[in-house]
>>> print(open('upload.json').read())   # JSON, C-alpha atoms
[["chain", "number", "residue", "atom", "x", "y", "z"],
["A", 1, "MET", "CA", 7.25, 32.21, 42.81],
["A", 2, "VAL", "CA", 10.97, 31.72, 42.29],
["A", 3, "SER", "CA", 13.08, 34.61, 43.54],
["A", 4, "ALA", "CA", 15.59, 36.48, 41.38],
["A", 5, "THR", "CA", 18.35, 35.59, 43.86],
["A", 6, "PHE", "CA", 17.61, 31.88, 43.46],
["A", 7, "CYS", "CA", 17.64, 32.24, 39.67],
["A", 8, "ALA", "CA", 20.92, 34.16, 39.69],
["A", 9, "ALA", "CA", 22.55, 31.57, 41.95],
["A", 10, "THR", "CA", 21.72, 28.75, 39.53],
["A", 11, "SER", "CA", 22.70, 30.32, 36.21],
["A", 12, "PHE", "CA", 26.51, 30.05, 36.16],
["A", 13, "GLY", "CA", 26.65, 27.82, 33.10],
["A", 14, "GLY", "CA", 26.80, 24.15, 32.20],
["A", 15, "ILE", "CA", 29.12, 22.74, 34.87],
["A", 16, "MET", "CA", 27.60, 24.75, 37.69],
["A", 17, "ASP", "CA", 24.12, 23.94, 36.46],
["A", 18, "SER", "CA", 24.87, 20.19, 36.49],
["A", 19, "LEU", "CA", 26.46, 20.43, 39.92],
["A", 20, "THR", "CA", 23.43, 22.32, 41.21],
["A", 21, "GLN", "CA", 21.10, 19.64, 39.83],
["A", 22, "ILE", "CA", 23.15, 16.85, 41.45],
["A", 23, "VAL", "CA", 23.33, 18.55, 44.85],
["A", 24, "LEU", "CA", 19.67, 19.53, 44.87],
["A", 25, "GLY", "CA", 18.64, 16.04, 43.76],
["A", 26, "ALA", "CA", 20.68, 14.53, 46.58],
["A", 27, "ALA", "CA", 19.15, 16.96, 49.08],
["A", 28, "VAL", "CA", 15.62, 16.11, 47.93],
["A", 29, "GLY", "CA", 16.40, 12.38, 48.10],
["A", 30, "GLU", "CA", 17.74, 12.77, 51.63],
["A", 31, "ALA", "CA", 14.81, 14.94, 52.72],
["A", 32, "VAL", "CA", 12.18, 12.56, 51.34],
["A", 33, "LEU", "CA", 13.70, 9.14, 52.04],
["A", 34, "GLY", "CA", 16.83, 9.66, 54.11],
["A", 35, "ALA", "CA", 15.28, 8.40, 57.34],
["A", 36, "LYS", "CA", 14.03, 5.23, 55.64],
["A", 37, "GLU", "CA", 16.76, 4.44, 53.11],
["A", 38, "GLY", "CA", 19.83, 6.35, 54.26],
["A", 39, "ARG", "CA", 22.52, 7.24, 51.73],
["A", 40, "LYS", "CA", 20.79, 5.35, 48.92],
["A", 41, "ALA", "CA", 18.15, 8.06, 48.82],
["A", 42, "ALA", "CA", 20.72, 10.83, 48.39],
["A", 43, "LEU", "CA", 22.62, 8.82, 45.78],
["A", 44, "TRP", "CA", 19.52, 8.14, 43.70],
["A", 45, "GLY", "CA", 18.37, 11.73, 44.13],
["A", 46, "ALA", "CA", 21.71, 12.90, 42.72],
["A", 47, "ILE", "CA", 21.53, 10.46, 39.81],
["A", 48, "LEU", "CA", 17.92, 11.32, 39.00],
["A", 49, "GLY", "CA", 18.74, 15.02, 39.28],
["A", 50, "THR", "CA", 20.82, 14.74, 36.12],
["A", 51, "VAL", "CA", 18.48, 12.50, 34.08],
["A", 52, "PRO", "CA", 16.43, 15.27, 32.40],
["A", 53, "ASP", "CA", 19.65, 16.77, 30.99],
["A", 54, "LEU", "CA", 20.61, 13.56, 29.22],
["A", 55, "ASP", "CA", 18.66, 14.87, 26.23],
["A", 56, "VAL", "CA", 21.81, 16.82, 25.33],
["A", 57, "LEU", "CA", 23.18, 13.54, 23.95],
["A", 58, "VAL", "CA", 20.87, 14.11, 20.99],
["A", 59, "GLY", "CA", 23.23, 16.95, 20.02],
["A", 60, "PHE", "CA", 25.74, 14.46, 18.67],
["A", 61, "PHE", "CA", 23.24, 13.40, 16.00],
["A", 62, "VAL", "CA", 21.36, 16.57, 15.04],
["A", 63, "SER", "CA", 22.06, 20.18, 14.15],
["A", 64, "PRO", "CA", 22.58, 22.77, 16.90],
["A", 65, "VAL", "CA", 19.22, 24.35, 16.09],
["A", 66, "THR", "CA", 17.42, 21.02, 16.45],
["A", 67, "GLN", "CA", 19.29, 20.30, 19.68],
["A", 68, "LEU", "CA", 18.15, 23.62, 21.09],
["A", 69, "ALA", "CA", 14.56, 22.78, 20.15],
["A", 70, "VAL", "CA", 14.80, 19.30, 21.70],
["A", 71, "HIS", "CA", 16.63, 20.25, 24.90],
["A", 72, "ARG", "CA", 14.25, 21.19, 27.69],
["A", 73, "SER", "CA", 11.20, 19.98, 25.85],
["A", 74, "ALA", "CA", 9.75, 16.58, 26.80],
["A", 75, "SER", "CA", 12.43, 15.70, 29.35],
["A", 76, "HIS", "CA", 11.81, 18.96, 31.17],
["A", 77, "SER", "CA", 8.03, 18.75, 31.40],
["A", 78, "LEU", "CA", 5.82, 18.02, 34.37],
["A", 79, "VAL", "CA", 4.00, 15.51, 32.17],
["A", 80, "MET", "CA", 7.22, 13.51, 31.86],
["A", 81, "ALA", "CA", 7.82, 13.79, 35.61],
["A", 82, "VAL", "CA", 4.34, 12.47, 36.35],
["A", 83, "TRP", "CA", 4.77, 9.67, 33.80],
["A", 84, "ALA", "CA", 8.30, 8.66, 34.85],
["A", 85, "ALA", "CA", 7.86, 8.77, 38.64],
["A", 86, "PRO", "CA", 5.76, 5.59, 38.94],
["A", 87, "ILE", "CA", 8.08, 3.66, 36.62],
["A", 88, "VAL", "CA", 11.27, 4.74, 38.37],
["A", 89, "GLY", "CA", 9.60, 4.29, 41.75],
["A", 90, "LEU", "CA", 8.69, 0.71, 40.86],
["A", 91, "LEU", "CA", 12.20, -0.07, 39.63],
["A", 92, "LEU", "CA", 13.84, 1.39, 42.73],
["A", 93, "LYS", "CA", 11.46, -0.47, 45.04],
["A", 94, "LYS", "CA", 12.27, -3.72, 43.22],
["A", 95, "LEU", "CA", 15.97, -2.95, 43.57],
["A", 96, "TYR", "CA", 15.61, -2.32, 47.32],
["A", 97, "ARG", "CA", 12.90, -4.83, 48.28],
["A", 98, "LYS", "CA", 14.13, -5.12, 51.84],
["A", 99, "GLY", "CA", 14.23, -1.36, 52.35],
["A", 100, "LYS", "CA", 11.82, 0.45, 54.64],
["A", 101, "ALA", "CA", 10.51, 2.81, 51.96],
["A", 102, "LYS", "CA", 7.37, 1.92, 50.06],
["A", 103, "ARG", "CA", 6.94, 2.28, 46.32],
["A", 104, "ILE", "CA", 4.96, 5.49, 46.80],
["A", 105, "ASN", "CA", 7.90, 6.99, 48.73],
["A", 106, "TRP", "CA", 10.30, 6.24, 45.87],
["A", 107, "MET", "CA", 7.73, 7.68, 43.43],
["A", 108, "TRP", "CA", 7.40, 10.92, 45.38],
["A", 109, "MET", "CA", 11.16, 11.28, 45.64],
["A", 110, "THR", "CA", 11.52, 10.78, 41.89],
["A", 111, "PHE", "CA", 8.76, 13.24, 41.08],
["A", 112, "LEU", "CA", 10.12, 15.89, 43.44],
["A", 113, "VAL", "CA", 13.67, 15.53, 42.09],
["A", 114, "PHE", "CA", 12.39, 15.96, 38.52],
["A", 115, "ALA", "CA", 10.17, 18.88, 39.57],
["A", 116, "THR", "CA", 13.06, 20.69, 41.26],
["A", 117, "HIS", "CA", 15.20, 20.10, 38.16],
["A", 118, "ILE", "CA", 12.53, 21.69, 36.02],
["A", 119, "SER", "CA", 12.18, 24.61, 38.47],
["A", 120, "ILE", "CA", 15.89, 25.36, 38.44],
["A", 121, "ASP", "CA", 16.06, 25.16, 34.66],
["A", 122, "LEU", "CA", 13.30, 27.73, 34.42],
["A", 123, "CYS", "CA", 15.88, 30.15, 35.80],
["A", 124, "THR", "CA", 18.64, 29.36, 33.31],
["A", 125, "VAL", "CA", 19.00, 30.24, 29.67]]
>>> encode(input="upload.json", output="structure tokens")
Amino acid sequence: MVSATFCAATSFGGIMDSLTQIVLGAAVGEAVLGAKEGRKAALWGAILGTVPDLDVLVGFFVSPVTQLAVHRSASHSLVMAVWAAPIVGLLLKKLYRKGKAKRINWMWMTFLVFATHISIDLCTV
């Protein structure tokens, strides 16, 4: 269960929320793959930590009510995390063929970054 302190620490608004997602994504990337891939793992963790929030770009094309309905729907679901992790894992492994990490390692990192993003957003309004 997520503690109230954790939720309060992550709910300072848009900029702080994005910064939190980037930092936590980088930390997860480093924790999962840092020993095998070094800084690349933290960099990709940070990048992937912001991916679920890219659905806000829909707001430029739809009404605010529709944007609110779309944001945090599919892109913030565990189904999407499970579906996207193998695809992103494959792409990252192809990008870093000579790296020590296996495809499954990149997949786990991707899934865990998305899962932590979803967990933090459960605490924010």
>>> closest_residue(input="upload.json", among="A:Ala35, A:Thr20, A:Gly99, A:Met80", to="A:Asp121", atoms="all atoms listed in the file")
A:Thr20
>>> closest_residue(input="upload.json", among="A:Leu48, A:Leu90, A:Leu122, A:Leu54", to="A:Met107", atoms="all atoms listed in the file")
A:Leu90
>>> residues_near_point(input="upload.json", point="(10.7, 1.8, 45.4)", cutoff="9 Å", atoms="all atoms listed in the file", output="count of residues only")
19
>>> residues_around(input="upload.json", residues="stretch 56-62 of chain A", least_positions_apart="2", cutoff="12 Å", atoms="only C-alpha atoms", output="ChimeraX atom specification")
/A:14,50-54,64-73,75-76
>>> closest_residue(input="upload.json", among="A:Ala26, A:Ala31, A:Ile120, A:Ala85", to="A:Gly49", atoms="all atoms listed in the file")
A:Ala26
>>> atom_distance(input="upload.json", atom1="atom CA of A:Ala27", atom2="atom CA of A:Trp108")
13.7 Å
>>> residues_near_point(input="upload.json", point="(18.7, 15.3, 42.4)", cutoff="12 Å", atoms="all atoms listed in the file", output="PyMOL selection string")
chain A and resi 17-32+41-53+109-118+120
>>> atom_distance(input="upload.json", atom1="atom CA of A:Cys123", atom2="atom CA of A:Arg39")
28.7 Å
>>> atom_distance(input="upload.json", atom1="atom CA of A:Trp83", atom2="atom CA of A:Lys98")
25.1 Å
>>> decode(input="upload.json", residues="stretch 47-67 of chain A", atoms="C-alpha atoms", output="compact mmCIF listing (two decimals), in the first residue's frame")
# COMPACT_ATOMS: atom_id res chain seq x y z
CA ILE A 47 12.93 8.96 -20.94
CA LEU A 48 10.49 6.10 -20.43
CA GLY A 49 9.37 7.63 -17.15
CA THR A 50 7.76 10.47 -19.09
CA VAL A 51 6.22 8.43 -21.93
CA PRO A 52 2.83 7.72 -20.30
CA ASP A 53 2.26 11.47 -19.87
CA LEU A 54 2.66 12.16 -23.58
CA ASP A 55 -1.08 11.61 -23.87
CA VAL A 56 -1.47 15.25 -22.80
CA LEU A 57 -0.57 16.17 -26.39
CA VAL A 58 -4.10 15.10 -27.28
CA GLY A 59 -5.24 18.25 -25.44
CA PHE A 60 -4.23 20.39 -28.39
CA PHE A 61 -6.88 18.68 -30.53
CA VAL A 62 -9.80 17.99 -28.20
CA SER A 63 -11.87 19.77 -25.57
CA PRO A 64 -10.63 20.00 -21.98
CA VAL A 65 -13.29 17.52 -20.86
CA THR A 66 -12.20 14.98 -23.46
CA GLN A 67 -8.56 15.52 -22.54
